[in-house]
Protein chains: 2
Amino acid sequence: MRNTTGLKPVPLSQVTLSGGFWAERQAVNRSVSVPVEYDRCQETGRLAVFDLNWKPQDSWRPHHFYDSDVAKWIEAAAYSLTTHPDPALEGQVDAVIERIVAAQQPDGYLNTFFTMMTPDERWTNLRDMHELYCAGHLIEAAVAWREATGKTALLDALCRYADYIGEVFGPGEGQRPGYPGHEELELALVKLYRATGEERYLSLARFFLDERGRQPHYFDVEAAERGEAPGQAHYGHDHRYNQSHQPVRRQSTVEGHAVRAMYLYSAMADVALETHDEEMAAACRRLWDNMTQRRMYVTGGIGSSSRGERFTVDYDLPNDIAYAETCAAIGVVFFAQRMFLLDGESRYIDIMERALYNGMLSGVSLQGDTFFYANPLAVDPAQYAARPDLFRGGVVAPRRQAWFDCSCCPTNVARLLADLGAYVAATAEQRVYVNLYTTGTISVDLQEPVQLEVETDYPWGGRVRLVWHGRPQQAGLALRVPGWCRQADVALNGEPWNGPYLRHKGYLLLERCWSEGDTVTLDLAMPVERVYARPEVRADVGRVALQRGPLVYALESCDNGPNLDALVLPRDAALTVQREPGLLDGVVTIRGDGWRVGAEAGSSGLYRKQAHAHRGVSLTAVPYYAWANRDPGEMLVWIREA
Amino acid sequence: MRNTTGLKPVPLSQVTLSGGFWAERQAVNRSVSVPVEYDRCQETGRLAVFDLNWKPQDSWRPHHFYDSDVAKWIEAAAYSLTTHPDPALEGQVDAVIERIVAAQQPDGYLNTFFTMMTPDERWTNLRDMHELYCAGHLIEAAVAWREATGKTALLDALCRYADYIGEVFGPGEGQRPGYPGHEELELALVKLYRATGEERYLSLARFFLDERGRQPHYFDVEAAERGEAPGQAHYGHDHRYNQSHQPVRRQSTVEGHAVRAMYLYSAMADVALETHDEEMAAACRRLWDNMTQRRMYVTGGIGSSSRGERFTVDYDLPNDIAYAETCAAIGVVFFAQRMFLLDGESRYIDIMERALYNGMLSGVSLQGDTFFYANPLAVDPAQYAARPDLFRGGVVAPRRQAWFDCSCCPTNVARLLADLGAYVAATAEQRVYVNLYTTGTISVDLQEPVQLEVETDYPWGGRVRLVWHGRPQQAGLALRVPGWCRQADVALNGEPWNGPYLRHKGYLLLERCWSEGDTVTLDLAMPVERVYARPEVRADVGRVALQRGPLVYALESCDNGPNLDALVLPRDAALTVQREPGLLDGVVTIRGDGWRVGAEAGSSGLYRKQAHAHRGVSLTAVPYYAWANRDPGEMLVWIREA
């Protein structure tokens with residue numbers, strides 16, 4: 001049994017982010033994103049659906065996943081309140097919760113769309129209608145709200161709903177052997193189990209996982225019961241689309257809708273961890289390896305096809321038509337955290353960090369009020385305008401948007417940013433693992449309570465200073481050495497570390513008897529790195545991406561002029577970095593001397609026998625996450641290299 | 001007035017193609033394509049529609065452009081019979097014509113779809129329903145059949161139909177100011193004018209051209225009459241889609257559906273030529289320049305977007321998702337021929353030749369029985385399978401197909417190949433222009449009759465031998481020097497030409513008193529050329545295409561292994577050619593030493609900090625037109641260059 005690391009995340013309430021990169025993003029999230037998302041929910045009827053009195057003359061129309069958007073907003077508010085109390089926000093949430101609880105039906109059922117619009121169709125189309133998905137998000141919200149405030153009204157309601165679901169679905173006589181079309185409830189049930197200690201919720205999660213992909217195929221059976229041919233899926237996809245093409249324990253390639261996949265695999269890892277299920281853990285590891293070694297963008301984005309928001313085939317990672325949904329990068333974070341807990345290896349956190357700093361964070365503007373749904377790695381606005389078919393115009397645009405009809409991403413970003421403290425550290429027995437370096441404090445109880453005070457300029461600099469506060473005790477401090485880092489130096493109280501020194505699963509494991517005020521300084525060398533994709537990734541052959549620390553960089557035309565594909569970065573070009581506090585809320589830029597291929601002025605021929613001349617230019621790259629915060633224009637991650 | 005070149009094409013009946021490249025393609029066209037297309041028309045109800053007795057229980061259903069497919073097949077048969085009499089085929093066509101003529105209504109109307117399916121909707125939706133388009137193709141067929149056989153039944157019927165159309169449409173009281181949604185009738189009416197001498201057909205063509213794009217917009221008016229909002233176009237496109245966004249004389253960029261555009265501009269050039277309309281000619285030249293300098297693939301393909309089968313914006317020429325419909329390349333040939341007649345410049349024939357040998361010819365298999373609709377310049381079958389949304393699965397596939405629901409391309413290829421002799425040469429006063437070099441004879445009447453006997457291995461070799469047969473006369477022989485050719489040498493009777501020697505509009509103009517047996521030898525230097533696209537074409541930056549003579553080359557994975565994008569051709573690599581009679585019906589291949597970028601065996605990482613190693617490989621390129629005639633696999637025109 002490998003999955004017995006004993007690792008537990010340090011909970012959000014015990015981590016403060018007091019300054020620096022993530023604290024700034026959290027401040028914007030708290031002061032802008034959470035309030036504007038409430039307004040958007042209100043304007044679009046997402047709150048009003050809970051009053052169950054929609055009328056056809058209303059300006060909005062209920063949708064079958066509206067409940068989930070509000071649930072994710074509550075989760076965001078709950079996490080935010082955990083670290084930053086705000087009575088006005090708390091009151092706002094309580095009022096929303098009151099409406100939600102009032103919408104619950106006598107039997108415990110709680111779904112506004114079915115209750116109002118299609119009451120006779122309850123549980124008739126698990127495949128397409130997000131009914132169990134909405135339940136999962138409401139459960140996650142309820143657990144978060146109870147943890148943030150101690151208030152149980154929502155959790156009580158959702159336990160009743162979960163119990164009702166547990167009556168309807170299950171292996172018993174008269175129960176349905178169904179499972180969610182859009183996974184989410186499974187991981188929510190594990191959270192509910194942890195919050196309540198009720199084993200039945202964990203069992204139900206495992207039931208849903210193990211029913212998935214069994215024959216006779218539930219989605220075909222229910223389609224037949226609806227009088228539909230099995231092939232007439234609502235989204236026109238096969239069973240791979242929702243990962244029901246095989247029993248989950250046998251799956252080995254990441255398939256279908258990327259967000260669904262991440263929520264499924266996260267739940268699989270949860271169940272593997274909770275039940276010491278090595279077969280399930282092995283499936284998770286296979287899926288992880290396939291995803292990270294063959295089907296992931298350098299930004300941590302996944303799901304390269306806009307059609308079906310899905311995975312395609314190995315190495316099919318086009319940059320301009322990349323989908324790489326923001327929610328999918330968030331799902332990578334969820335999956336990575338659980339794999340870390342399962343195996344204790346820092347390589348999982350490497351991928352988490354890649355997704356957090358790049359493919360997730362690009363999903364929200366620096367101002368916090370607009371959002372990307374898709375996160376391509378190369379954008380030419382002229383091509384977007386000319387080829388709306390390629391880019392699903394409303395969703396993928398060269399500018400972030402205030403909201404979407406299907407608006408899963410904005411609230412997902414908000415709940416993750418607010419919850420970021422929960423990903424910073426973990427403990428196992430007498431060890432503290434530090435995974436994300438960010439200024440603040442981490443409070444944990446080992447044999448004695450400890451408060452770790454962390455100070456760092458990360459990701460702009462690689463120095464991290466950690467001060468140990470607490471009574472003396474023998475303990476291990478496991479400092480993550482990021483996969484991008486080629487040299488990590490560590491000092492204790494100003495002297496090079498000379499005690500026991502262990503590289504363990506990607507961590508620097510410092511074991512000693514720690515005393516109050518002991519200060520560890522970690523220096524992670526953070527030069528600009530050139531990153532190359534495997535040549536099987538056709539879109540990236542002959543190209544290089546720039547990365548510094550966890551940040552992937554991009555060229556924008558506002559810095560480099562139009563037609564970014566005409567730029568070339570020679571392999572031996574020196575790359576310099578510059579801290580620019582006034583630019584894009586403060587970033588480090590990367591500059592290098594390159595070339596621009598250009599046609600001579602006045603030449604008109606489209607094709608000719610001479611190669612075009614180069615002229616020297618200076619290239620400027622900014623962090624990918626910060627692109628599209630200035631004048632609209634082109635963007636390019638993978639730069640041509642000579 | 002520039003458009004007074006006096007140029008006339010040497011008609012098909014006066015040109016024989018007795019051997020070599022095009023004669024071989026014509027033989028396959030005659031023996032395979034024309035018969036199989038008849039069979040497909042029969043199997044799919046395209047012939048039966050003319051019997052006007054379709055019943056809902058039939059295995060096929062009439063379609064609003066079925067008439068045109070049969071018309072193009074008749075045209076193909078007519079051209080084929082002109083050069084290769086075949087009583088069985090002639091009888092087959094006569095039988096079809098009998099059914100067509102019988103389908104004509106008492107008032108002259110002749111459209112099977114409207115007559116059978118929607119008789120009350122005649123002329124109510126010119127924009128979408130191809131009603132006038134079908135009329136145009138029937139007229140072209142009728143003219144071709146009369147010229148091939150002298151038989152007038154079809155021409156008489158179509159004159160009646162044209163006269164009826166001329167009553168319905170026109171500037172007069174009670175007439176409709178409409179015009180075809182899919183252009184075609186305009187150029188057909190010019191052909192009908194030339195065949196009959198009736199000026200009214202030319203006038204009607206000009207009327208249709210000049211009404212196009214006028215306000216109030218006819219298509220909006222008729223949409224309103226149907227009770228539809230103007231924006232609800234059948235194909236979801238704006239007026240640019242069918243080139244009705246502006247009066248045609250003011251248009252300066254090639255827009256919309258590429259085939260429609262080519263047929264429109266061809267008719268504009270026809271009318272400019274026939275009526276010495278310099279304003280119209282100037283519009284044609286502007287459109288030509290925009291198309292050839294900004295919106296055309298190196299294969300002569302146009303219309304880079306599958307959505308709308310249309311042009312997009314300048315330099316938007318992606319290779320993998322290229323549409324480049326076969327019919328559009330054929331339309332380029334039509335437009336080019338007319339521009340040549342208008343201006344007498346060989347640069348138009350350069351583009352015609354580019355389309356003929358590449359983007360058109362790729363549309364049919366070497367065996368003649370399967371067809372491409374779209375002609376991309378880079379194909380990865382795995383990506384096709386994974387992303388059907390990008391590639392319109394049914395239409396664009398890595399294998400040619402036997403037929404299509406919308407099957408305009410196969411019959412279009414067949415009629416052009418059968419008619420190829422009509423593009424070989426032209427005369428103006430005492431001059432013979434030779435545009436396409438192909439073994440055979442060209443018979444023309446100058447002051448005295450002349451027969452030019454041509455012998456060449458073109459496009460495999462650049463030597464052309466022309467023997468003059470006829471009584472002595474002073475005349476000019478204008479030999480086209482292709483734009484791809486950097487050195488052309490000419491000899492007369494074995495001695496270097498030493499008479500008057502003129503480079504005139506891209507021709508070597510040889511003027512003398514010619515006598516029986518005078519033999520001119522033209523040597524066109526034909527090395528392998530590297531071709532570069534303007535750097536504004538993002539998809540081609542850093543890449544090179546190989547061309548030899550008029551042929552563009554491509555790599556196929558069956559010669560070069562998988563992942564063609566991992567191959568690099570150094571700029572200084574020597575390129576050698578080899579004649580391979582047993583390969584692909586006999587081609588010249590190009591070989592060169594290059595590199596393949598490869599991941600080390602056993603390495604699994606997707607991204608890394610070291611560039612991947614190269615190893616030396618030999619690259620083999622085959623003519624683009626011949627790709628996809630072996631095992632299905634990848635194809636690539638634009639090769640990465642170092």
# chains A, B, ... in the order shown; residues from 1 in each chain; ligands from 1
>>> closest_atom_pairs(of="chain A", to="chain B", cutoff="8 Å", atoms="only C-alpha atoms", output="Markdown table")
| residue | atom | partner | partner_atom | distance |
| --- | --- | --- | --- | --- |
| A:Thr292 | CA | B:Leu606 | CA | 7.2 |
| A:Gln293 | CA | B:Leu606 | CA | 4.9 |
| A:Arg294 | CA | B:Leu606 | CA | 6.2 |
| A:Val298 | CA | B:Tyr607 | CA | 7.1 |
| A:Ser305 | CA | B:Arg387 | CA | 7.2 |
| A:Arg307 | CA | B:Asp389 | CA | 6.7 |
| A:Thr312 | CA | B:Ala386 | CA | 5.4 |
| A:Val313 | CA | B:Ala386 | CA | 6.5 |
| A:Asp316 | CA | B:Gln383 | CA | 7.0 |
| A:Ala382 | CA | B:Val313 | CA | 7.7 |
| A:Gln383 | CA | B:Asp316 | CA | 7.0 |
| A:Ala386 | CA | B:Thr312 | CA | 5.4 |
| A:Arg387 | CA | B:Ser305 | CA | 7.2 |
| A:Asp389 | CA | B:Arg307 | CA | 6.7 |
| A:Leu390 | CA | B:Leu390 | CA | 7.0 |
| A:Glu529 | CA | B:Lys609 | CA | 6.7 |
| A:Arg530 | CA | B:Lys609 | CA | 5.7 |
| A:Val531 | CA | B:Lys609 | CA | 4.6 |
| A:Tyr532 | CA | B:Arg608 | CA | 5.4 |
| A:Ala533 | CA | B:Tyr607 | CA | 4.5 |
| A:Arg534 | CA | B:Leu606 | CA | 5.4 |
| A:Pro535 | CA | B:Ala566 | CA | 5.9 |
| A:Glu536 | CA | B:Asn563 | CA | 6.7 |
| A:Arg538 | CA | B:Asp565 | CA | 5.8 |
| A:Val541 | CA | B:Ala566 | CA | 6.4 |
| A:Asn563 | CA | B:Glu536 | CA | 6.7 |
| A:Asp565 | CA | B:Arg538 | CA | 5.8 |
| A:Ala566 | CA | B:Pro535 | CA | 6.0 |
| A:Val597 | CA | B:Pro535 | CA | 6.4 |
| A:Gly598 | CA | B:Pro535 | CA | 6.0 |
| A:Ala599 | CA | B:Arg534 | CA | 6.3 |
| A:Ser604 | CA | B:Gln293 | CA | 6.4 |
| A:Gly605 | CA | B:Gln293 | CA | 5.5 |
| A:Leu606 | CA | B:Gln293 | CA | 4.8 |
| A:Tyr607 | CA | B:Ala533 | CA | 4.5 |
| A:Arg608 | CA | B:Tyr532 | CA | 5.4 |
| A:Lys609 | CA | B:Val531 | CA | 4.7 |
| A:Gln610 | CA | B:Tyr532 | CA | 6.6 |
| A:Ala611 | CA | B:Tyr532 | CA | 5.7 |
| A:His612 | CA | B:Arg534 | CA | 7.4 |
| A:Ala642 | CA | B:Ala642 | CA | 7.2 |
>>> residues_around(residues="Arg286 of chain B", least_positions_apart="3", cutoff="12 Å", atoms="only C-alpha atoms", output="list of chain:residue names")
B:Val248, B:Arg249, B:Arg250, B:Gln251, B:Ser252, B:Thr253, B:Val254, B:Tyr265, B:Ala269, B:Glu279, B:Met280, B:Ala281, B:Ala282, B:Ala283, B:Asp289, B:Asn290, B:Met291, B:Thr292, B:Gln293, B:Arg294, B:Met339
>>> closest_residue(among="A:Thr124, A:Asn375, A:Gln451, A:Thr196", to="Tyr625 of chain A", atoms="only C-alpha atoms")
A:Asn375
>>> residues_around(residues="segment 134-148 of chain A", least_positions_apart="3", cutoff="7 Å", atoms="only C-alpha atoms", output="list in words")
Phe65, Asp67, Ser68, Ala71, Lys72, Ile74, Glu75, Ala78, Tyr79, Leu81, Thr82, His130, Glu131, Lys151, Thr152, Leu154, Leu155, Leu158, Glu184, Leu185, Ala188, Leu192 and Ala195 of chain A
>>> write_last_selection(atoms="N, CA and C atoms", output="short mmCIF file (atom, residue, chain, number, x, y, z; two decimals), in the first residue's frame")
data_model
loop_
_atom_site.label_atom_id
_atom_site.label_comp_id
_atom_site.auth_asym_id
_atom_site.auth_seq_id
_atom_site.Cartn_x
_atom_site.Cartn_y
_atom_site.Cartn_z
N PHE A 65 -27.98 24.51 -14.83
CA PHE A 65 -26.87 24.56 -13.88
C PHE A 65 -26.71 25.91 -13.17
N ASP A 67 -28.01 26.70 -10.30
CA ASP A 67 -27.78 26.45 -8.87
C ASP A 67 -26.29 26.37 -8.54
N SER A 68 -25.53 25.77 -9.47
CA SER A 68 -24.12 25.54 -9.18
C SER A 68 -23.32 26.84 -9.15
N ALA A 71 -23.81 28.31 -5.81
CA ALA A 71 -23.10 27.49 -4.81
C ALA A 71 -21.62 27.83 -4.80
N LYS A 72 -21.02 27.96 -5.98
CA LYS A 72 -19.59 28.27 -6.02
C LYS A 72 -19.33 29.67 -5.50
N ILE A 74 -21.04 31.08 -3.08
CA ILE A 74 -21.09 30.94 -1.61
C ILE A 74 -19.78 30.37 -1.08
N GLU A 75 -19.25 29.38 -1.81
CA GLU A 75 -17.98 28.80 -1.40
C GLU A 75 -16.89 29.87 -1.38
N ALA A 78 -17.37 32.04 1.54
CA ALA A 78 -17.03 31.33 2.79
C ALA A 78 -15.53 31.34 3.01
N TYR A 79 -14.75 31.02 1.98
CA TYR A 79 -13.30 30.99 2.14
C TYR A 79 -12.78 32.39 2.44
N LEU A 81 -14.35 34.81 3.92
CA LEU A 81 -14.69 35.18 5.30
C LEU A 81 -13.82 34.47 6.31
N THR A 82 -13.34 33.29 5.94
CA THR A 82 -12.47 32.54 6.85
C THR A 82 -11.22 33.34 7.17
N HIS A 130 -27.11 17.80 -15.50
CA HIS A 130 -26.36 18.41 -14.39
C HIS A 130 -27.11 18.40 -13.07
N GLU A 131 -28.01 17.45 -12.90
CA GLU A 131 -28.84 17.44 -11.69
C GLU A 131 -27.98 17.08 -10.46
N LYS A 151 -22.26 27.93 10.99
CA LYS A 151 -23.71 27.86 10.78
C LYS A 151 -24.06 26.59 10.01
N THR A 152 -25.13 25.96 10.42
CA THR A 152 -25.42 24.62 9.90
C THR A 152 -26.68 24.54 9.04
N LEU A 154 -27.49 25.43 6.03
CA LEU A 154 -27.29 24.93 4.67
C LEU A 154 -26.79 23.48 4.71
N LEU A 155 -25.88 23.21 5.64
CA LEU A 155 -25.35 21.85 5.73
C LEU A 155 -26.45 20.86 6.10
N LEU A 158 -28.46 20.21 3.03
CA LEU A 158 -27.76 19.39 2.04
C LEU A 158 -27.55 17.96 2.53
N GLU A 184 -18.91 15.63 -9.99
CA GLU A 184 -18.75 16.73 -9.04
C GLU A 184 -19.28 16.26 -7.68
N LEU A 185 -20.46 15.61 -7.74
CA LEU A 185 -21.07 15.13 -6.51
C LEU A 185 -20.15 14.16 -5.77
N ALA A 188 -17.75 15.98 -3.72
CA ALA A 188 -18.49 16.71 -2.70
C ALA A 188 -18.92 15.77 -1.57
N LEU A 192 -18.35 15.94 2.37
CA LEU A 192 -19.45 15.86 3.32
C LEU A 192 -19.15 14.77 4.37
N ALA A 195 -16.73 16.23 6.72
CA ALA A 195 -17.33 17.27 7.57
C ALA A 195 -18.26 16.68 8.63
#
>>> residues_around(residues="Trp497 of chain B", least_positions_apart="2", cutoff="12 Å", atoms="only C-alpha atoms", output="mmCIF file with N, CA, C and O atoms, in the first residue's frame")
data_model
loop_
_atom_site.group_PDB
_atom_site.id
_atom_site.type_symbol
_atom_site.label_atom_id
_atom_site.label_comp_id
_atom_site.auth_asym_id
_atom_site.auth_seq_id
_atom_site.Cartn_x
_atom_site.Cartn_y
_atom_site.Cartn_z
ATOM 1 N N ALA B 488 15.326 31.158 -69.907
ATOM 2 C CA ALA B 488 14.685 30.509 -71.040
ATOM 3 C C ALA B 488 15.567 30.727 -72.270
ATOM 4 O O ALA B 488 15.886 31.863 -72.608
ATOM 5 N N ASP B 489 15.972 29.623 -72.905
ATOM 6 C CA ASP B 489 16.786 29.724 -74.120
ATOM 7 C C ASP B 489 15.976 29.215 -75.292
ATOM 8 O O ASP B 489 15.219 28.248 -75.163
ATOM 9 N N VAL B 490 16.188 29.839 -76.433
ATOM 10 C CA VAL B 490 15.384 29.433 -77.576
ATOM 11 C C VAL B 490 16.305 29.253 -78.798
ATOM 12 O O VAL B 490 17.268 29.995 -78.983
ATOM 13 N N ALA B 491 16.002 28.221 -79.555
ATOM 14 C CA ALA B 491 16.791 27.945 -80.759
ATOM 15 C C ALA B 491 15.833 27.748 -81.928
ATOM 16 O O ALA B 491 14.686 27.318 -81.756
ATOM 17 N N LEU B 492 16.299 28.092 -83.108
ATOM 18 C CA LEU B 492 15.505 27.872 -84.316
ATOM 19 C C LEU B 492 16.293 26.920 -85.212
ATOM 20 O O LEU B 492 17.453 27.205 -85.561
ATOM 21 N N ASN B 493 15.704 25.819 -85.538
ATOM 22 C CA ASN B 493 16.338 24.846 -86.428
ATOM 23 C C ASN B 493 17.753 24.507 -85.964
ATOM 24 O O ASN B 493 18.691 24.435 -86.745
ATOM 25 N N GLY B 494 17.871 24.371 -84.655
ATOM 26 C CA GLY B 494 19.133 23.918 -84.083
ATOM 27 C C GLY B 494 20.131 25.028 -83.807
ATOM 28 O O GLY B 494 21.177 24.776 -83.211
ATOM 29 N N GLU B 495 19.849 26.255 -84.201
ATOM 30 C CA GLU B 495 20.777 27.367 -83.956
ATOM 31 C C GLU B 495 20.127 28.334 -82.970
ATOM 32 O O GLU B 495 18.917 28.548 -83.041
ATOM 33 N N GLY B 499 17.049 36.158 -84.643
ATOM 34 C CA GLY B 499 16.196 37.165 -85.269
ATOM 35 C C GLY B 499 15.698 38.164 -84.234
ATOM 36 O O GLY B 499 16.230 38.229 -83.120
ATOM 37 N N PRO B 500 14.689 38.957 -84.593
ATOM 38 C CA PRO B 500 14.098 39.886 -83.624
ATOM 39 C C PRO B 500 13.626 39.081 -82.402
ATOM 40 O O PRO B 500 13.084 37.988 -82.550
ATOM 41 N N TYR B 501 13.846 39.610 -81.259
ATOM 42 C CA TYR B 501 13.680 38.860 -80.019
ATOM 43 C C TYR B 501 13.075 39.810 -79.006
ATOM 44 O O TYR B 501 13.675 40.813 -78.665
ATOM 45 N N LEU B 502 11.911 39.517 -78.554
ATOM 46 C CA LEU B 502 11.201 40.480 -77.724
ATOM 47 C C LEU B 502 10.624 39.772 -76.519
ATOM 48 O O LEU B 502 10.032 38.697 -76.656
ATOM 49 N N LEU B 508 8.106 35.222 -74.860
ATOM 50 C CA LEU B 508 9.170 35.369 -75.847
ATOM 51 C C LEU B 508 8.458 35.493 -77.182
ATOM 52 O O LEU B 508 7.822 34.534 -77.651
ATOM 53 N N LEU B 509 8.544 36.639 -77.782
ATOM 54 C CA LEU B 509 7.799 36.875 -79.013
ATOM 55 C C LEU B 509 8.748 36.714 -80.197
ATOM 56 O O LEU B 509 9.662 37.525 -80.393
ATOM 57 N N LEU B 510 8.558 35.648 -80.957
ATOM 58 C CA LEU B 510 9.453 35.326 -82.072
ATOM 59 C C LEU B 510 8.730 35.686 -83.366
ATOM 60 O O LEU B 510 7.737 35.042 -83.727
ATOM 61 N N GLU B 511 9.234 36.700 -84.053
ATOM 62 C CA GLU B 511 8.557 37.154 -85.274
ATOM 63 C C GLU B 511 9.467 36.915 -86.474
ATOM 64 O O GLU B 511 10.640 37.290 -86.456
ATOM 65 N N ARG B 512 8.919 36.278 -87.475
ATOM 66 C CA ARG B 512 9.700 36.031 -88.687
ATOM 67 C C ARG B 512 8.762 35.503 -89.751
ATOM 68 O O ARG B 512 7.571 35.318 -89.530
ATOM 69 N N ASP B 518 9.934 24.542 -89.831
ATOM 70 C CA ASP B 518 10.728 25.346 -88.888
ATOM 71 C C ASP B 518 10.530 24.786 -87.486
ATOM 72 O O ASP B 518 9.396 24.556 -87.057
ATOM 73 N N THR B 519 11.641 24.603 -86.827
ATOM 74 C CA THR B 519 11.578 23.966 -85.513
ATOM 75 C C THR B 519 12.174 24.882 -84.455
ATOM 76 O O THR B 519 13.339 25.288 -84.553
ATOM 77 N N VAL B 520 11.336 25.191 -83.492
ATOM 78 C CA VAL B 520 11.785 26.032 -82.375
ATOM 79 C C VAL B 520 11.995 25.128 -81.163
ATOM 80 O O VAL B 520 11.151 24.281 -80.869
ATOM 81 N N THR B 521 13.111 25.312 -80.519
ATOM 82 C CA THR B 521 13.339 24.574 -79.275
ATOM 83 C C THR B 521 13.452 25.569 -78.133
ATOM 84 O O THR B 521 14.282 26.480 -78.174
ATOM 85 N N LEU B 522 12.560 25.396 -77.179
ATOM 86 C CA LEU B 522 12.546 26.281 -76.002
ATOM 87 C C LEU B 522 13.071 25.474 -74.824
ATOM 88 O O LEU B 522 12.601 24.365 -74.561
ATOM 89 N N ASP B 523 14.070 26.035 -74.158
ATOM 90 C CA ASP B 523 14.611 25.361 -72.973
ATOM 91 C C ASP B 523 14.327 26.213 -71.747
ATOM 92 O O ASP B 523 14.919 27.269 -71.572
#
>>> select_by_dssp(residues="segment 96-226 of chain A", states="helix (DSSP H, G or I)", output="ChimeraX atom specification")
/A:96-102,112-116,119-121,131-149,153-168,185-196,199-211,218-225
>>> residues_around(residues="Ala628 of chain B", least_positions_apart="5", cutoff="9 Å", atoms="only C-alpha atoms", output="list in words")
Ser362, Ser365, Pro398, Arg399, Arg400, Glu556, Gly633, Glu634 and Met635 of chain B
>>> residues_around(residues="Asp320 of chain B", least_positions_apart="5", cutoff="7 Å", atoms="only C-alpha atoms", output="list of chain:residue names")
B:Pro376, B:Leu377, B:Ala378, B:Val379
>>> atom_distance(atom1="atom CA of Arg260 of chain A", atom2="atom CA of Glu183 of chain A")
5.3 Å
>>> residues_around(residues="Tyr348 of chain B", least_positions_apart="2", cutoff="10 Å", atoms="only C-alpha atoms", output="VMD selection string")
chain B and resid 288 292 332 to 333 335 to 341 343 to 346 350 to 354 483 506
>>> select_by_dssp(residues="segment 279-426 of chain B", states="strand (DSSP E)", output="tab-separated table (two decimals) with N, CA, C and O atoms, in the first residue's frame")
chain	number	residue	atom	x	y	z
B	378	ALA	N	-1.51	20.71	-45.19
B	378	ALA	CA	-0.87	19.93	-44.13
B	378	ALA	C	-1.97	19.05	-43.56
B	378	ALA	O	-3.06	19.54	-43.25
B	379	VAL	N	-1.69	17.78	-43.45
B	379	VAL	CA	-2.70	16.85	-42.96
B	379	VAL	C	-2.08	15.90	-41.94
B	379	VAL	O	-1.02	15.33	-42.19
B	425	ALA	N	-3.66	27.45	-75.97
B	425	ALA	CA	-3.12	28.47	-76.88
B	425	ALA	C	-4.17	29.52	-77.21
B	425	ALA	O	-5.36	29.34	-76.93
B	426	ALA	N	-3.70	30.62	-77.80
B	426	ALA	CA	-4.60	31.69	-78.21
B	426	ALA	C	-4.00	32.37	-79.43
B	426	ALA	O	-2.82	32.18	-79.74
>>> closest_atom_pairs(of="segment 324-418 of chain B", to="segment 18-35 of chain B", cutoff="7 Å", atoms="only C-alpha atoms", output="Markdown table")
| residue | atom | partner | partner_atom | distance |
| --- | --- | --- | --- | --- |
| B:Gln367 | CA | B:Val28 | CA | 6.7 |
| B:Gly368 | CA | B:Ser33 | CA | 5.1 |
| B:Asp369 | CA | B:Ser33 | CA | 5.6 |
| B:Ala414 | CA | B:Asn29 | CA | 6.2 |
| B:Leu417 | CA | B:Gln26 | CA | 5.9 |
| B:Ala418 | CA | B:Gln26 | CA | 6.1 |
>>> write_last_selection(atoms="N, CA and C atoms", output="PDB file, in the first residue's frame")
ATOM      1  N   GLN B 367      -6.264   7.400 -60.005  1.00  0.00           N
ATOM      2  CA  GLN B 367      -7.160   6.429 -60.649  1.00  0.00           C
ATOM      3  C   GLN B 367      -8.412   7.074 -61.214  1.00  0.00           C
ATOM      4  N   GLY B 368      -8.705   8.301 -60.787  1.00  0.00           N
ATOM      5  CA  GLY B 368      -9.834   9.019 -61.371  1.00  0.00           C
ATOM      6  C   GLY B 368     -11.180   8.723 -60.756  1.00  0.00           C
ATOM      7  N   ASP B 369     -11.207   7.937 -59.695  1.00  0.00           N
ATOM      8  CA  ASP B 369     -12.515   7.522 -59.174  1.00  0.00           C
ATOM      9  C   ASP B 369     -12.843   8.091 -57.805  1.00  0.00           C
ATOM     10  N   ALA B 414     -13.980  17.022 -63.895  1.00  0.00           N
ATOM     11  CA  ALA B 414     -14.118  16.268 -65.148  1.00  0.00           C
ATOM     12  C   ALA B 414     -14.306  17.210 -66.337  1.00  0.00           C
ATOM     13  N   LEU B 417     -10.847  19.048 -67.013  1.00  0.00           N
ATOM     14  CA  LEU B 417      -9.821  18.185 -67.615  1.00  0.00           C
ATOM     15  C   LEU B 417     -10.157  17.885 -69.078  1.00  0.00           C
ATOM     16  N   ALA B 418     -11.434  17.631 -69.337  1.00  0.00           N
ATOM     17  CA  ALA B 418     -11.821  17.320 -70.719  1.00  0.00           C
ATOM     18  C   ALA B 418     -11.654  18.525 -71.634  1.00  0.00           C
TER      19      ALA B 418
END
